[in-house]
$ cat entry13.cif   # mmCIF, C-alpha atoms
data_target
loop_
_atom_site.label_atom_id
_atom_site.label_comp_id
_atom_site.auth_asym_id
_atom_site.auth_seq_id
_atom_site.Cartn_x
_atom_site.Cartn_y
_atom_site.Cartn_z
CA MET A 1 -108.83 71.71 -158.54
CA ILE A 2 -105.39 71.07 -160.07
CA ALA A 3 -106.71 71.82 -163.55
CA PHE A 4 -108.12 75.12 -162.25
CA LEU A 5 -104.76 76.07 -160.70
CA HIS A 6 -102.99 75.27 -163.96
CA GLN A 7 -105.39 77.55 -165.84
CA VAL A 8 -104.94 80.37 -163.31
CA SER A 9 -101.15 80.10 -163.45
CA ALA A 10 -101.16 79.98 -167.26
CA TRP A 11 -103.24 83.15 -167.54
CA ALA A 12 -101.95 85.18 -164.55
CA VAL A 13 -98.98 86.89 -166.22
CA PRO A 14 -100.65 87.58 -169.59
CA MET A 15 -103.65 89.09 -167.80
CA MET A 16 -101.40 91.35 -165.71
CA ILE A 17 -99.56 92.46 -168.86
CA VAL A 18 -102.87 93.48 -170.38
CA LEU A 19 -104.74 94.79 -167.32
CA ILE A 20 -102.04 97.00 -165.77
CA PRO A 21 -101.54 99.22 -168.86
CA LEU A 22 -105.32 99.33 -169.40
CA TYR A 23 -105.87 100.43 -165.81
CA ALA A 24 -103.12 103.05 -166.13
CA ALA A 25 -104.65 104.38 -169.36
CA PHE A 26 -108.07 104.50 -167.67
CA ARG A 27 -106.50 106.59 -164.87
CA LYS A 28 -104.99 108.88 -167.54
CA VAL A 29 -101.39 107.91 -166.70
CA PRO A 30 -99.02 108.32 -169.66
CA VAL A 31 -98.23 104.62 -169.96
CA TYR A 32 -95.43 104.67 -172.51
CA GLU A 33 -93.69 107.70 -170.99
CA SER A 34 -93.85 106.13 -167.54
CA PHE A 35 -92.37 102.94 -168.94
CA VAL A 36 -89.51 104.82 -170.61
CA ASP A 37 -88.77 106.79 -167.42
CA GLY A 38 -88.66 103.55 -165.43
CA ALA A 39 -86.35 101.95 -167.99
CA LYS A 40 -83.97 104.92 -167.76
CA GLU A 41 -83.91 104.66 -163.99
CA GLY A 42 -83.35 100.89 -164.22
CA PHE A 43 -80.39 101.39 -166.54
CA GLY A 44 -78.76 103.75 -164.06
CA THR A 45 -79.29 101.26 -161.27
CA ALA A 46 -77.79 98.45 -163.36
CA VAL A 47 -74.66 100.52 -164.08
CA GLY A 48 -74.38 101.38 -160.37
CA ILE A 49 -74.43 97.75 -159.20
CA ILE A 50 -71.85 96.44 -161.69
CA PRO A 51 -68.82 97.05 -159.40
CA HIS A 52 -70.56 95.29 -156.52
CA LEU A 53 -71.53 92.39 -158.76
CA VAL A 54 -67.99 91.99 -160.13
CA GLY A 55 -66.57 91.93 -156.60
CA MET A 56 -69.10 89.34 -155.50
CA MET A 57 -68.47 87.07 -158.49
CA THR A 58 -64.71 87.30 -157.94
CA ALA A 59 -65.07 86.30 -154.29
CA ILE A 60 -67.29 83.34 -155.20
CA SER A 61 -64.86 82.13 -157.83
CA MET A 62 -61.95 82.38 -155.41
CA PHE A 63 -63.87 80.47 -152.72
CA ARG A 64 -64.68 77.61 -155.06
CA ALA A 65 -61.37 77.50 -156.95
CA SER A 66 -59.27 77.54 -153.78
CA GLY A 67 -60.81 74.27 -152.62
CA ALA A 68 -62.11 75.91 -149.44
CA MET A 69 -65.68 74.86 -150.17
CA ASP A 70 -64.68 71.24 -150.78
CA ALA A 71 -62.60 71.17 -147.58
CA LEU A 72 -65.47 72.63 -145.57
CA VAL A 73 -67.98 70.15 -146.99
CA HIS A 74 -65.63 67.22 -146.35
CA ALA A 75 -65.11 68.33 -142.74
CA VAL A 76 -68.79 68.60 -141.82
CA SER A 77 -70.28 65.75 -143.91
CA PRO A 78 -70.03 63.08 -141.16
CA LEU A 79 -71.88 65.31 -138.69
CA PHE A 80 -74.69 66.05 -141.13
CA ALA A 81 -74.97 62.38 -142.13
CA LYS A 82 -75.77 61.55 -138.49
CA ILE A 83 -78.80 63.85 -138.56
CA GLY A 84 -80.03 62.55 -141.92
CA ILE A 85 -78.80 65.25 -144.29
CA PRO A 86 -77.00 63.76 -147.30
CA GLY A 87 -73.50 65.08 -147.90
CA ASP A 88 -74.38 65.76 -151.52
CA VAL A 89 -76.62 68.70 -150.56
CA LEU A 90 -74.12 70.40 -148.26
CA PRO A 91 -72.42 72.41 -151.03
CA LEU A 92 -75.87 73.71 -151.92
CA GLY A 93 -76.27 74.95 -148.35
CA PHE A 94 -73.01 76.88 -148.67
CA LEU A 95 -73.60 78.10 -152.23
CA ARG A 96 -77.19 79.26 -151.89
CA PRO A 97 -76.51 82.31 -149.66
CA ILE A 98 -73.72 83.35 -152.02
CA THR A 99 -75.00 82.81 -155.56
CA GLY A 100 -78.39 82.05 -157.04
CA ALA A 101 -77.08 80.93 -160.44
CA GLY A 102 -74.35 78.77 -158.94
CA SER A 103 -76.70 77.11 -156.49
CA LEU A 104 -79.29 76.50 -159.21
CA ALA A 105 -76.65 74.90 -161.42
CA TYR A 106 -75.53 72.69 -158.54
CA ALA A 107 -79.11 71.72 -157.66
CA THR A 108 -79.80 70.89 -161.31
CA ASP A 109 -76.71 68.69 -161.36
CA LEU A 110 -77.88 66.90 -158.20
CA ILE A 111 -81.29 66.27 -159.76
CA LYS A 112 -79.70 64.90 -162.94
CA THR A 113 -77.28 62.70 -160.99
CA HIS A 114 -79.68 61.28 -158.40
CA GLY A 115 -82.97 61.47 -160.29
CA PRO A 116 -85.87 63.86 -159.68
CA ASP A 117 -87.64 61.58 -157.21
CA SER A 118 -84.61 60.90 -155.01
CA MET A 119 -84.38 62.29 -151.50
CA VAL A 120 -81.27 64.29 -152.46
CA ALA A 121 -83.16 65.96 -155.33
CA ARG A 122 -86.18 66.69 -153.17
CA ILE A 123 -84.05 68.24 -150.44
CA ALA A 124 -82.08 70.26 -153.01
CA ALA A 125 -85.24 71.60 -154.64
CA THR A 126 -86.74 72.47 -151.26
CA ILE A 127 -83.55 74.26 -150.18
CA GLN A 128 -83.67 76.28 -153.41
CA GLY A 129 -87.17 77.45 -152.52
CA SER A 130 -86.58 77.90 -148.77
CA THR A 131 -83.45 80.05 -148.75
CA ASP A 132 -82.21 83.22 -150.38
CA THR A 133 -79.03 84.61 -151.90
CA THR A 134 -78.26 86.68 -148.83
CA LEU A 135 -74.75 87.85 -149.74
CA TYR A 136 -75.86 88.73 -153.25
CA VAL A 137 -78.79 90.76 -151.91
CA LEU A 138 -76.59 92.60 -149.42
CA THR A 139 -73.83 93.27 -151.91
CA VAL A 140 -75.90 94.34 -154.88
CA TYR A 141 -79.00 95.94 -153.44
CA PHE A 142 -77.49 97.49 -150.34
CA GLY A 143 -74.54 98.70 -152.43
CA ALA A 144 -76.83 100.19 -155.04
CA ILE A 145 -78.67 102.35 -152.53
CA GLY A 146 -75.62 103.17 -150.43
CA ILE A 147 -76.26 101.24 -147.22
CA ARG A 148 -72.88 100.67 -145.58
CA LYS A 149 -73.85 99.22 -142.19
CA SER A 150 -75.30 95.83 -143.08
CA ARG A 151 -73.92 93.91 -140.10
CA TYR A 152 -77.29 92.96 -138.60
CA ALA A 153 -78.84 92.23 -141.97
CA LEU A 154 -76.00 89.80 -142.70
CA LYS A 155 -76.44 87.96 -139.38
CA VAL A 156 -80.20 87.68 -139.74
CA GLY A 157 -79.99 86.70 -143.42
CA LEU A 158 -77.43 83.94 -142.85
CA PHE A 159 -79.33 82.68 -139.81
CA SER A 160 -82.54 82.49 -141.83
CA ASP A 161 -80.67 80.64 -144.60
CA ALA A 162 -79.44 78.08 -142.04
CA VAL A 163 -82.96 77.68 -140.66
CA GLY A 164 -84.30 77.28 -144.20
CA PHE A 165 -81.65 74.65 -144.97
CA PHE A 166 -82.45 72.50 -141.92
CA ALA A 167 -86.21 73.05 -142.25
CA ALA A 168 -86.08 72.00 -145.91
CA ALA A 169 -84.25 68.77 -145.04
CA GLY A 170 -86.56 68.08 -142.11
CA ALA A 171 -89.70 68.74 -144.14
CA CYS A 172 -88.52 66.38 -146.86
CA TRP A 173 -87.82 63.61 -144.37
CA LEU A 174 -91.26 64.13 -142.80
CA LEU A 175 -93.18 64.30 -146.07
CA PHE A 176 -91.31 61.78 -148.22
#
$ encode --input "entry13.cif" --output "structure tokens"
Amino acid sequence: MIAFLHQVSAWAVPMMIVLIPLYAAFRKVPVYESFVDGAKEGFGTAVGIIPHLVGMMTAISMFRASGAMDALVHAVSPLFAKIGIPGDVLPLGFLRPITGAGSLAYATDLIKTHGPDSMVARIAATIQGSTDTTLYVLTVYFGAIGIRKSRYALKVGLFSDAVGFFAAAGACWLLF
């Protein structure tokens, strides 16, 4: 079964790259022209989100450089240790809703430091897969399409990130 899944995953993307244009050509859709039109639209979107992205990256850098993240982690580490969540993964819980690249870099560092089979690495990897970059999504995507009232989306997104964080840690303790 595992060998079958490996074969399916190895061939899934190449087959989609071949089958989608073939299907479009069969339906008499101008494939290349449609691709170029989509690329033009994507370029405009990319230019539109740059100011939002720069603002977000500046805020993240200020949060980390000011020492606020370290102070916050230090303050709550004893509480989380009592419920079985290692203090090493707490910065990941704070970083993940803010930045995907930063949280991935931190998770990679945790895996290198503690080893890939350690509980810290397993929790970090599960958090990476169980949460989202909520503030990034709200800033970039909502900003790109002009949504200004994101108050409820922010609350729900951060709540779901917190649930994902605790569920990831709990699942790891149950399974490993």
$ closest_residue --input "entry13.cif" --among "A:Ala65, A:Phe35, A:Gly55, A:Ala171" --to "Ile20 of chain A" --atoms "all atoms listed in the file"
A:Phe35
$ residues_around --input "entry13.cif" --residues "Thr45 of chain A" --least-positions-apart "3" --cutoff "12 Å" --atoms "all atoms listed in the file" --output "list in words"
Gly38, Ala39, Lys40, Glu41, Gly42, Gly48, Ile49, Ile50, Pro51, His52, Val140, Tyr141, Phe142, Gly143, Ala144, Ile145 and Gly146 of chain A
$ closest_residue --input "entry13.cif" --among "A:Pro91, A:Ile123, A:Thr108, A:Ala81" --to "Gly67 of chain A" --atoms "all atoms listed in the file"
A:Pro91
$ resolve_selection --input "entry13.cif" --expression "the PyMOL selection byres ((chain A and resi 56-63) around 12)" --output "count of residues only"
36
$ atom_distance --input "entry13.cif" --atom1 "atom CA of Gly170 of chain A" --atom2 "atom CA of Ala124 of chain A"
12.0 Å
$ residues_around --input "entry13.cif" --residues "Phe176 of chain A" --least-positions-apart "2" --cutoff "10 Å" --atoms "all atoms listed in the file" --output "ChimeraX atom specification"
/A:117-119,122-123,170-174
$ write_last_selection --input "entry13.cif" --atoms "C-alpha atoms" --output "compact mmCIF listing (two decimals), in the frame of the given file"
# COMPACT_ATOMS: atom_id res chain seq x y z
CA ASP A 117 -87.64 61.58 -157.21
CA SER A 118 -84.61 60.90 -155.01
CA MET A 119 -84.38 62.29 -151.50
CA ARG A 122 -86.18 66.69 -153.17
CA ILE A 123 -84.05 68.24 -150.44
CA GLY A 170 -86.56 68.08 -142.11
CA ALA A 171 -89.70 68.74 -144.14
CA CYS A 172 -88.52 66.38 -146.86
CA TRP A 173 -87.82 63.61 -144.37
CA LEU A 174 -91.26 64.13 -142.80
$ closest_residue --input "entry13.cif" --among "A:Val29, A:Val76, A:Ala12, A:Val89" --to "His114 of chain A" --atoms "only C-alpha atoms"
A:Val89
$ decode --input "entry13.cif" --residues "segment 37-56 of chain A" --atoms "N, CA, C and O atoms" --output "short mmCIF file (atom, residue, chain, number, x, y, z; two decimals), in the first residue's frame"
data_model
loop_
_atom_site.label_atom_id
_atom_site.label_comp_id
_atom_site.auth_asym_id
_atom_site.auth_seq_id
_atom_site.Cartn_x
_atom_site.Cartn_y
_atom_site.Cartn_z
N ASP A 37 -3.09 35.39 -20.15
CA ASP A 37 -4.04 36.28 -19.47
C ASP A 37 -3.99 36.08 -17.95
O ASP A 37 -4.01 37.06 -17.19
N GLY A 38 -3.90 34.85 -17.52
CA GLY A 38 -3.79 34.57 -16.09
C GLY A 38 -2.50 35.10 -15.49
O GLY A 38 -2.48 35.61 -14.37
N ALA A 39 -1.40 34.98 -16.24
CA ALA A 39 -0.12 35.50 -15.77
C ALA A 39 -0.17 37.02 -15.63
O ALA A 39 0.37 37.57 -14.67
N LYS A 40 -0.80 37.70 -16.58
CA LYS A 40 -0.95 39.15 -16.49
C LYS A 40 -1.74 39.55 -15.25
O LYS A 40 -1.39 40.48 -14.53
N GLU A 41 -2.82 38.85 -15.01
CA GLU A 41 -3.65 39.13 -13.84
C GLU A 41 -2.87 38.85 -12.55
O GLU A 41 -2.97 39.60 -11.58
N GLY A 42 -2.09 37.78 -12.55
CA GLY A 42 -1.27 37.44 -11.38
C GLY A 42 -0.22 38.49 -11.09
O GLY A 42 0.07 38.80 -9.94
N PHE A 43 0.36 39.06 -12.14
CA PHE A 43 1.36 40.11 -11.96
C PHE A 43 0.74 41.33 -11.31
O PHE A 43 1.31 41.93 -10.39
N GLY A 44 -0.43 41.71 -11.75
CA GLY A 44 -1.14 42.84 -11.15
C GLY A 44 -1.45 42.60 -9.68
O GLY A 44 -1.32 43.50 -8.84
N THR A 45 -1.86 41.39 -9.37
CA THR A 45 -2.15 41.05 -7.98
C THR A 45 -0.88 41.12 -7.14
O THR A 45 -0.90 41.64 -6.02
N ALA A 46 0.22 40.61 -7.68
CA ALA A 46 1.50 40.64 -6.94
C ALA A 46 1.92 42.07 -6.64
O ALA A 46 2.35 42.38 -5.53
N VAL A 47 1.79 42.96 -7.61
CA VAL A 47 2.15 44.37 -7.39
C VAL A 47 1.22 44.99 -6.34
O VAL A 47 1.66 45.77 -5.49
N GLY A 48 -0.04 44.61 -6.35
CA GLY A 48 -1.01 45.16 -5.40
C GLY A 48 -0.77 44.74 -3.96
O GLY A 48 -1.11 45.47 -3.04
N ILE A 49 -0.19 43.55 -3.74
CA ILE A 49 -0.01 43.08 -2.36
C ILE A 49 1.34 43.48 -1.77
O ILE A 49 1.56 43.31 -0.58
N ILE A 50 2.24 44.05 -2.58
CA ILE A 50 3.57 44.40 -2.07
C ILE A 50 3.50 45.35 -0.87
O ILE A 50 4.17 45.11 0.13
N PRO A 51 2.71 46.43 -0.88
CA PRO A 51 2.67 47.29 0.31
C PRO A 51 2.21 46.55 1.57
O PRO A 51 2.75 46.77 2.65
N HIS A 52 1.23 45.68 1.42
CA HIS A 52 0.74 44.92 2.56
C HIS A 52 1.82 43.97 3.07
O HIS A 52 2.01 43.79 4.28
N LEU A 53 2.53 43.36 2.16
CA LEU A 53 3.60 42.42 2.52
C LEU A 53 4.75 43.14 3.23
O LEU A 53 5.26 42.64 4.23
N VAL A 54 5.13 44.30 2.73
CA VAL A 54 6.21 45.07 3.37
C VAL A 54 5.80 45.47 4.79
O VAL A 54 6.59 45.36 5.74
N GLY A 55 4.58 45.92 4.97
CA GLY A 55 4.11 46.28 6.31
C GLY A 55 4.12 45.09 7.26
O GLY A 55 4.53 45.21 8.42
N MET A 56 3.69 43.95 6.77
CA MET A 56 3.66 42.74 7.60
C MET A 56 5.07 42.32 8.00
O MET A 56 5.33 42.00 9.16
#
